[in-house]
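Trainee: I am sharing upload-v5.tsv, which consists of TSV, C-alpha atoms:
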```
chain	number	residue	atom	x	y	z
A	1	MET	CA	82.73	139.23	16.25
A	2	LYS	CA	85.97	140.36	14.70
A	3	LEU	CA	89.39	139.36	16.09
A	4	THR	CA	90.24	143.00	16.93
A	5	GLN	CA	87.10	143.37	19.06
A	6	LEU	CA	87.94	140.15	21.01
A	7	LYS	CA	91.43	141.42	21.83
A	8	LEU	CA	90.03	144.72	23.15
A	9	LYS	CA	87.49	142.93	25.38
A	10	PHE	CA	90.17	140.58	26.86
A	11	LYS	CA	92.41	143.58	27.71
A	12	ALA	CA	89.47	145.20	29.52
A	13	LEU	CA	89.03	142.10	31.74
A	14	LEU	CA	92.69	141.93	32.86
A	15	PRO	CA	92.48	144.59	35.66
A	16	ALA	CA	89.44	142.86	37.19
A	17	LYS	CA	91.23	139.49	37.23
A	18	LYS	CA	94.30	141.04	38.88
A	19	ALA	CA	92.07	142.52	41.60
A	20	VAL	CA	90.54	139.11	42.31
A	21	VAL	CA	94.00	137.49	42.57
A	22	ILE	CA	95.24	140.20	44.95
A	23	ALA	CA	92.15	139.89	47.13
A	24	SER	CA	92.54	136.10	47.29
A	25	ALA	CA	96.20	136.38	48.26
A	26	ALA	CA	95.35	138.88	51.00
A	27	ALA	CA	92.68	136.53	52.40
A	28	VAL	CA	95.16	133.65	52.46
A	29	LEU	CA	97.76	135.83	54.24
A	30	ILE	CA	95.24	136.89	56.91
A	31	ALA	CA	94.23	133.26	57.45
A	32	VAL	CA	97.88	132.22	57.90
A	33	ILE	CA	98.46	135.01	60.45
A	34	LEU	CA	95.38	134.00	62.43
A	35	LEU	CA	96.45	130.36	62.36
A	36	LEU	CA	99.90	131.23	63.65
A	37	LYS	CA	98.34	133.25	66.48
A	38	MET	CA	96.09	130.32	67.37
A	39	ASN	CA	99.15	128.08	67.49
A	40	GLY	CA	100.85	130.38	69.98
A	41	ASN	CA	103.29	132.13	67.63
A	42	ASP	CA	102.04	135.64	68.43
A	43	ASP	CA	104.21	138.20	70.13
A	44	THR	CA	102.31	138.37	73.44
A	45	GLY	CA	103.99	135.29	74.94
A	46	PHE	CA	100.94	134.48	77.12
A	47	VAL	CA	97.90	132.23	76.98
A	48	GLU	CA	94.63	132.90	78.72
A	49	VAL	CA	93.15	130.48	81.28
A	50	LYS	CA	90.04	130.82	83.39
A	51	ALA	CA	89.54	130.17	87.08
A	52	ASP	CA	87.15	127.27	87.42
A	53	THR	CA	85.60	125.13	90.15
A	54	GLY	CA	87.22	121.77	90.72
A	55	ASP	CA	88.54	119.30	93.26
A	56	ILE	CA	91.90	119.45	95.03
A	57	GLN	CA	93.36	116.11	96.14
A	58	PRO	CA	96.90	116.49	97.51
A	59	THR	CA	98.98	113.36	97.85
A	60	VAL	CA	102.32	112.25	99.26
A	61	LEU	CA	104.40	109.74	97.32
A	62	ALA	CA	106.81	107.28	98.91
A	63	THR	CA	108.58	104.01	98.22
A	64	GLY	CA	108.61	101.03	100.51
A	65	THR	CA	109.10	97.32	100.99
A	66	VAL	CA	106.67	94.53	101.79
A	67	SER	CA	107.60	93.12	105.20
A	68	PRO	CA	105.95	91.03	107.91
A	69	GLU	CA	104.65	93.10	110.77
A	70	ASN	CA	106.05	90.50	113.19
A	71	ARG	CA	108.68	88.12	111.86
A	72	LEU	CA	109.31	85.17	114.16
A	73	GLU	CA	112.17	82.75	113.79
A	74	ILE	CA	111.33	79.37	115.27
A	75	LYS	CA	114.25	77.44	116.73
A	76	PRO	CA	114.20	74.00	118.41
A	77	PRO	CA	114.23	74.12	122.23
A	78	ILE	CA	116.82	71.33	122.34
A	79	ALA	CA	119.45	69.80	120.10
A	80	GLY	CA	118.39	66.66	118.31
A	81	ARG	CA	116.86	65.34	115.10
A	82	ILE	CA	113.75	66.38	113.14
A	83	ASP	CA	111.26	63.50	112.97
A	84	GLU	CA	108.63	65.22	110.82
A	85	VAL	CA	107.81	68.72	109.54
A	86	LEU	CA	104.03	69.12	109.44
A	87	VAL	CA	103.78	72.43	107.53
A	88	LYS	CA	105.07	73.98	104.32
A	89	GLU	CA	105.70	77.52	103.09
A	90	GLY	CA	102.49	79.48	102.57
A	91	ASP	CA	100.47	77.54	105.17
A	92	ASN	CA	98.32	79.55	107.57
A	93	VAL	CA	98.51	78.17	111.09
A	94	LYS	CA	96.85	78.88	114.42
A	95	LYS	CA	98.50	79.56	117.74
A	96	GLY	CA	99.24	76.25	119.53
A	97	GLN	CA	99.17	74.19	116.32
A	98	MET	CA	101.91	71.52	116.10
A	99	LEU	CA	104.46	72.45	113.44
A	100	VAL	CA	107.34	69.99	113.93
A	101	LYS	CA	107.96	66.67	115.68
A	102	MET	CA	111.52	66.15	116.86
A	103	SER	CA	113.62	63.96	119.13
A	104	SER	CA	116.34	65.01	121.51
A	105	THR	CA	119.83	63.71	120.87
A	106	GLU	CA	119.36	60.98	123.54
A	107	ARG	CA	115.96	59.87	122.19
A	108	ALA	CA	117.23	59.78	118.62
A	109	ALA	CA	120.13	57.51	119.69
A	110	LEU	CA	117.83	55.28	121.74
A	111	LEU	CA	115.33	54.88	118.87
A	112	ASP	CA	118.10	54.03	116.43
A	113	ALA	CA	119.26	51.25	118.79
A	114	ALA	CA	115.66	49.98	119.21
A	115	ARG	CA	115.07	50.04	115.47
A	116	ALA	CA	118.01	47.68	115.03
A	117	GLN	CA	116.33	45.16	117.40
A	118	GLY	CA	113.04	45.13	115.50
A	119	PRO	CA	109.72	46.89	114.98
A	120	GLN	CA	108.25	45.71	118.29
A	121	GLU	CA	111.16	47.11	120.29
A	122	LEU	CA	110.99	50.40	118.34
A	123	LYS	CA	107.24	50.80	118.97
A	124	GLN	CA	107.73	50.13	122.68
A	125	TRP	CA	110.40	52.81	123.09
A	126	GLU	CA	108.43	55.31	120.97
A	127	THR	CA	105.53	54.83	123.42
A	128	TYR	CA	107.68	55.14	126.54
A	129	TYR	CA	109.88	58.01	125.35
A	130	LYS	CA	107.85	60.79	123.73
A	131	GLY	CA	109.31	63.29	121.33
A	132	ALA	CA	109.41	67.08	121.68
A	133	PRO	CA	106.72	68.90	119.66
A	134	ILE	CA	107.26	72.45	118.38
A	135	MET	CA	104.10	74.58	118.45
A	136	ALA	CA	103.08	77.79	116.63
A	137	PRO	CA	103.55	80.74	119.00
A	138	ILE	CA	101.07	83.00	117.10
A	139	ASP	CA	98.45	82.95	114.38
A	140	GLY	CA	100.17	83.55	111.08
A	141	GLU	CA	101.75	82.24	107.92
A	142	ILE	CA	104.80	80.07	107.35
A	143	ILE	CA	107.11	82.08	105.09
A	144	VAL	CA	110.33	80.04	105.43
A	145	ARG	CA	110.88	76.31	105.94
A	146	SER	CA	114.54	75.43	106.34
A	147	ALA	CA	114.43	71.94	107.90
A	148	GLU	CA	113.44	68.48	106.67
A	149	SER	CA	112.70	65.17	108.33
A	150	GLY	CA	115.82	63.37	109.52
A	151	GLN	CA	117.87	66.57	109.74
A	152	THR	CA	120.07	67.06	112.80
A	153	VAL	CA	119.68	70.46	114.41
A	154	THR	CA	120.98	72.50	117.31
A	155	SER	CA	119.09	74.93	119.52
A	156	SER	CA	120.51	77.85	117.49
A	157	ASP	CA	119.26	76.64	114.08
A	158	VAL	CA	116.25	78.38	112.52
A	159	ILE	CA	113.91	75.70	111.23
A	160	LEU	CA	110.83	77.83	110.42
A	161	VAL	CA	109.98	81.52	110.01
A	162	MET	CA	106.48	82.88	110.61
A	163	SER	CA	104.78	86.21	109.99
A	164	ASP	CA	101.46	87.29	111.40
A	165	ARG	CA	100.53	89.65	108.52
A	166	LEU	CA	102.24	91.45	105.66
A	167	THR	CA	102.52	95.23	105.68
A	168	ILE	CA	104.22	97.80	103.46
A	169	LYS	CA	106.90	99.77	105.26
A	170	ALA	CA	107.01	103.08	103.40
A	171	ARG	CA	109.88	105.56	103.77
A	172	VAL	CA	108.34	109.04	104.11
A	173	ASP	CA	110.49	112.17	103.93
A	174	GLU	CA	110.59	114.28	107.08
A	175	THR	CA	109.10	117.23	105.17
A	176	ASP	CA	105.95	115.17	104.50
A	177	ILE	CA	105.61	113.18	107.73
A	178	GLY	CA	103.49	115.92	109.34
A	179	SER	CA	100.77	115.27	106.76
A	180	ILE	CA	100.51	111.54	107.51
A	181	LYS	CA	97.90	110.40	110.02
A	182	LEU	CA	96.72	107.06	111.40
A	183	ASN	CA	93.98	105.33	109.37
A	184	GLN	CA	94.74	107.61	106.42
A	185	LYS	CA	93.81	106.12	103.04
A	186	ALA	CA	96.68	104.90	100.87
A	187	ASP	CA	97.11	102.99	97.62
A	188	VAL	CA	99.97	100.55	97.01
A	189	VAL	CA	101.38	99.44	93.65
A	190	LEU	CA	103.94	96.64	93.61
A	191	ASP	CA	106.78	96.90	91.11
A	192	ALA	CA	106.19	93.25	90.22
A	193	TYR	CA	102.50	93.91	89.43
A	194	PRO	CA	102.26	97.52	88.17
A	195	ASP	CA	98.70	97.11	86.86
A	196	ASP	CA	97.22	96.15	90.24
A	197	THR	CA	96.37	98.74	92.91
A	198	ILE	CA	96.07	97.58	96.53
A	199	SER	CA	93.96	99.70	98.86
A	200	GLY	CA	95.13	100.14	102.43
A	201	LYS	CA	95.44	102.50	105.37
A	202	VAL	CA	98.14	103.87	107.64
A	203	ASP	CA	98.60	101.50	110.58
A	204	LYS	CA	101.72	102.82	112.34
A	205	ILE	CA	104.00	105.86	112.17
A	206	ALA	CA	107.53	105.46	113.51
A	207	TYR	CA	108.72	107.80	116.25
A	208	ASP	CA	112.39	107.32	115.38
A	209	SER	CA	113.87	108.49	112.09
A	210	LYS	CA	116.34	106.81	109.78
A	211	VAL	CA	118.99	108.67	107.78
A	212	VAL	CA	119.94	107.18	104.43
A	213	SER	CA	122.26	109.10	102.06
A	214	ASN	CA	121.82	112.25	104.19
A	215	VAL	CA	118.02	112.07	103.79
A	216	THR	CA	115.93	111.82	106.96
A	217	THR	CA	112.90	109.54	106.62
A	218	TYR	CA	110.31	107.92	108.88
A	219	ILE	CA	108.92	104.42	108.42
A	220	VAL	CA	105.13	104.35	107.96
A	221	ASP	CA	103.36	100.97	108.05
A	222	VAL	CA	100.56	100.63	105.49
A	223	LEU	CA	98.19	97.74	106.17
A	224	PRO	CA	96.39	96.38	103.06
A	225	ASP	CA	92.61	96.05	103.31
A	226	GLU	CA	93.08	92.61	101.77
A	227	VAL	CA	96.44	90.95	101.19
A	228	PRO	CA	96.55	89.67	97.58
A	229	ALA	CA	97.85	86.19	96.92
A	230	GLN	CA	100.75	87.51	94.81
A	231	MET	CA	102.18	89.74	97.54
A	232	ARG	CA	105.47	88.44	98.91
A	233	SER	CA	107.82	89.61	101.62
A	234	GLY	CA	110.67	91.73	100.22
A	235	MET	CA	108.78	93.14	97.22
A	236	THR	CA	109.33	96.80	96.34
A	237	ALA	CA	106.24	99.01	96.41
A	238	ASN	CA	105.18	102.56	95.55
A	239	VAL	CA	102.75	104.15	98.00
A	240	ILE	CA	100.36	107.07	97.47
A	241	PHE	CA	99.02	108.68	100.65
A	242	TYR	CA	95.80	110.68	100.19
A	243	LEU	CA	95.63	113.82	102.31
A	244	ASP	CA	92.55	115.89	103.15
A	245	SER	CA	90.78	116.95	99.94
A	246	LYS	CA	88.48	119.79	98.92
A	247	THR	CA	85.69	119.68	96.34
A	248	GLY	CA	83.98	122.43	94.38
A	249	VAL	CA	86.60	125.11	95.04
A	250	ILE	CA	87.89	127.81	92.69
A	251	CYS	CA	91.25	126.74	91.35
A	252	LEU	CA	93.86	127.55	88.74
A	253	PRO	CA	96.75	125.61	87.22
A	254	THR	CA	99.70	125.80	89.62
A	255	ASN	CA	101.94	127.56	87.09
A	256	ALA	CA	99.42	130.43	86.83
A	257	VAL	CA	100.25	131.64	90.35
A	258	LYS	CA	103.54	133.42	91.03
A	259	ILE	CA	105.11	134.31	94.38
A	260	LYS	CA	107.23	137.37	95.09
A	261	ASP	CA	108.28	138.65	98.52
A	262	GLY	CA	106.04	136.05	100.13
A	263	GLN	CA	102.93	137.26	98.30
A	264	SER	CA	100.98	135.29	95.68
A	265	PHE	CA	99.77	137.00	92.51
A	266	VAL	CA	98.49	136.28	89.00
A	267	LEU	CA	98.87	138.17	85.74
A	268	VAL	CA	95.79	139.70	84.10
A	269	ARG	CA	95.19	141.78	81.01
A	270	PRO	CA	95.57	145.55	81.57
A	271	LYS	CA	92.51	147.77	81.50
A	272	GLY	CA	91.61	148.50	77.92
A	273	GLY	CA	93.48	145.38	76.81
A	274	ILE	CA	96.57	147.32	75.67
A	275	GLY	CA	99.96	147.17	77.33
A	276	GLN	CA	101.85	144.81	79.56
A	277	PRO	CA	100.02	142.30	81.84
A	278	GLU	CA	99.26	143.54	85.33
A	279	ALA	CA	99.78	141.71	88.63
A	280	LYS	CA	96.75	140.91	90.76
A	281	ILE	CA	97.17	139.78	94.38
A	282	VAL	CA	95.42	136.51	95.29
A	283	LYS	CA	95.20	134.34	98.38
A	284	THR	CA	95.88	130.66	97.79
A	285	GLY	CA	95.00	127.52	99.71
A	286	MET	CA	95.53	123.82	99.11
A	287	SER	CA	97.50	122.49	96.15
A	288	ASP	CA	97.84	119.03	94.66
A	289	GLY	CA	100.77	119.84	92.39
A	290	ASN	CA	98.62	120.35	89.28
A	291	ASN	CA	96.00	122.78	90.56
A	292	ILE	CA	95.95	125.32	93.37
A	293	GLU	CA	92.98	126.64	95.34
A	294	ILE	CA	92.17	130.35	95.09
A	295	LEU	CA	90.67	131.61	98.36
A	296	ASN	CA	90.45	135.29	97.51
A	297	GLY	CA	91.21	137.67	94.66
A	298	LEU	CA	89.50	135.89	91.75
A	299	LYS	CA	85.95	134.88	90.94
A	300	ASN	CA	84.86	131.80	89.09
A	301	GLY	CA	85.26	132.36	85.34
A	302	GLU	CA	87.77	135.23	85.56
A	303	SER	CA	90.69	134.99	83.17
A	304	VAL	CA	94.39	135.17	83.95
A	305	LEU	CA	97.48	135.05	81.78
A	306	VAL	CA	99.98	132.23	81.85
A	307	GLU	CA	103.36	132.58	80.23
A	308	ARG	CA	103.63	130.38	77.20
A	309	ILE	CA	106.42	127.81	77.10
A	310	ARG	CA	108.18	128.31	73.78
A	311	MET	CA	109.93	125.44	72.10
A	312	PRO	CA	113.30	126.19	70.51
A	313	THR	CA	113.17	126.78	66.75
A	314	GLY	CA	115.52	125.49	64.14
A	315	ASP	CA	117.34	128.81	64.03
A	316	SER	CA	118.26	128.53	67.72
A	317	LYS	CA	121.16	126.26	66.85
A	318	LYS	CA	122.86	129.12	65.07
A	319	SER	CA	123.02	131.25	68.21
A	320	ASN	CA	123.65	128.46	70.72
A	321	PRO	CA	127.03	129.14	72.35
A	322	PHE	CA	127.41	125.48	73.34
A	323	LEU	CA	127.31	124.22	69.74
A	324	PRO	CA	130.44	124.23	67.58
A	325	THR	CA	130.41	126.82	64.82
A	326	LYS	CA	131.11	125.83	61.25
A	327	PRO	CA	134.02	127.61	59.57
A	328	LYS	CA	132.98	130.08	56.93
A	329	ALA	CA	133.64	129.01	53.35
A	330	LYS	CA	136.40	130.90	51.62
A	331	THR	CA	135.45	132.75	48.50
A	332	SER	CA	137.82	132.86	45.57
A	333	LYS	CA	138.75	136.24	44.24
```
Take the structure from the file and write it as structure tokens.

Mentor:
Amino acid sequence: MKLTQLKLKFKALLPAKKAVVIASAAAVLIAVILLLKMNGNDDTGFVEVKADTGDIQPTVLATGTVSPENRLEIKPPIAGRIDEVLVKEGDNVKKGQMLVKMSSTERAALLDAARAQGPQELKQWETYYKGAPIMAPIDGEIIVRSAESGQTVTSSDVILVMSDRLTIKARVDETDIGSIKLNQKADVVLDAYPDDTISGKVDKIAYDSKVVSNVTTYIVDVLPDEVPAQMRSGMTANVIFYLDSKTGVICLPTNAVKIKDGQSFVLVRPKGGIGQPEAKIVKTGMSDGNNIEILNGLKNGESVLVERIRMPTGDSKKSNPFLPTKPKAKTSK
């Protein structure tokens, strides 16, 4: 084939190649537009969600402190000297168990004089003049031991502290106290052990309120099902109270439901799919903060529109009135 014929054939192919390039560019542009719409950069400003069946589990959150239900300070009935302390911190004792042996001031002086005369004289006076035992007033645990053998004490000194059982005293806001009931299930997480959850139940609800920093709260005692070994009096705890729940109900995300003039509504696509979203009245029920129950107005599977949360773009800094503006560069003439 001659060179002239090759040139003519190549020129004939150029329009076809240009058409292919244009078609490819158009396909890429359409794909980019669709991708942007999928990523939420379309002009509608809404995303579509469907009403679906699910479970609603409302909760009440509170903070509290681990405290003994009954904290008893044990003091000696008379002034004198501690002969022997029979328990240590952490011991569980029974009511009527001997905790401390002590001598009155007179007995301690008499035994000291007898000890100076010899072992036989000391044994004789120890037999004739008995000491004063201190007994456990309740079943419980020794949480403080502040006396040792040989220590002189008065009747006002605290030598032992007992607690019958540890509870979590949660501070519940007055707006939530109406939802708390006796024997209600609760979970406790100690700040010292954030990975461990302690199951419990509501044991007591205070009748009298406490006001701290202008906030009215009520103390609710949560009794653990089983007191873990690491729990100590004075620890800070977070408490989750589980209220009445519902299962298998129609629900929507909480932000899908709006309220105006005391009436709940959702946004739906207009008939024909063209135009602004329309409001549809619904009746709501229980909410757990994330989801809300729909009692009437929507069927399972129906779609509603939720306003999309747009993140600020890089250009937003230029129009932000709170940011300093850069001076314009001067142009030389």

Trainee: Separation of atom CA of A:Tyr207 and atom CA of A:Asn183, in Å?

Mentor: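 So the answer is 16.5 Å.
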
Trainee: If we count all atoms listed in the file, what is near A:Gly262 at a cut-off of 12 Å, once residues fewer than 3 positions away on the same chain are taken out, given as a PDB file with C-alpha atoms, in the coordinates of the input?

Mentor:
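Final output, saved to result17.pdb:
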```pdb
ATOM      1  CA  LYS A 258     103.540 133.420  91.030  1.00  0.00           C
ATOM      2  CA  ILE A 259     105.110 134.310  94.380  1.00  0.00           C
ATOM      3  CA  PHE A 265      99.770 137.000  92.510  1.00  0.00           C
ATOM      4  CA  ILE A 281      97.170 139.780  94.380  1.00  0.00           C
ATOM      5  CA  VAL A 282      95.420 136.510  95.290  1.00  0.00           C
ATOM      6  CA  LYS A 283      95.200 134.340  98.380  1.00  0.00           C
ATOM      7  CA  THR A 284      95.880 130.660  97.790  1.00  0.00           C
TER       8      THR A 284
END
```

Trainee: Would you compute the distance between atom CA of A:Lys130 and atom CA of A:Ala116? Give it in Å to one decimal.

Mentor: 18.7 Å

Trainee: Which value, in Å to one decimal, gives the distance between atom CA of A:Val239 and atom CA of A:Lys210?

Mentor: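 For atom CA of A:Val239 relative to atom CA of A:Lys210, the distance reads 18.2 Å.
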
Trainee: Quick one: residues within 10 Å of A:Met286, all atoms listed in the file, excluding same-chain residues fewer than 6 positions away - as a ChimeraX atom specification?

Mentor: /A:56-58,244-246,249,251,292-295
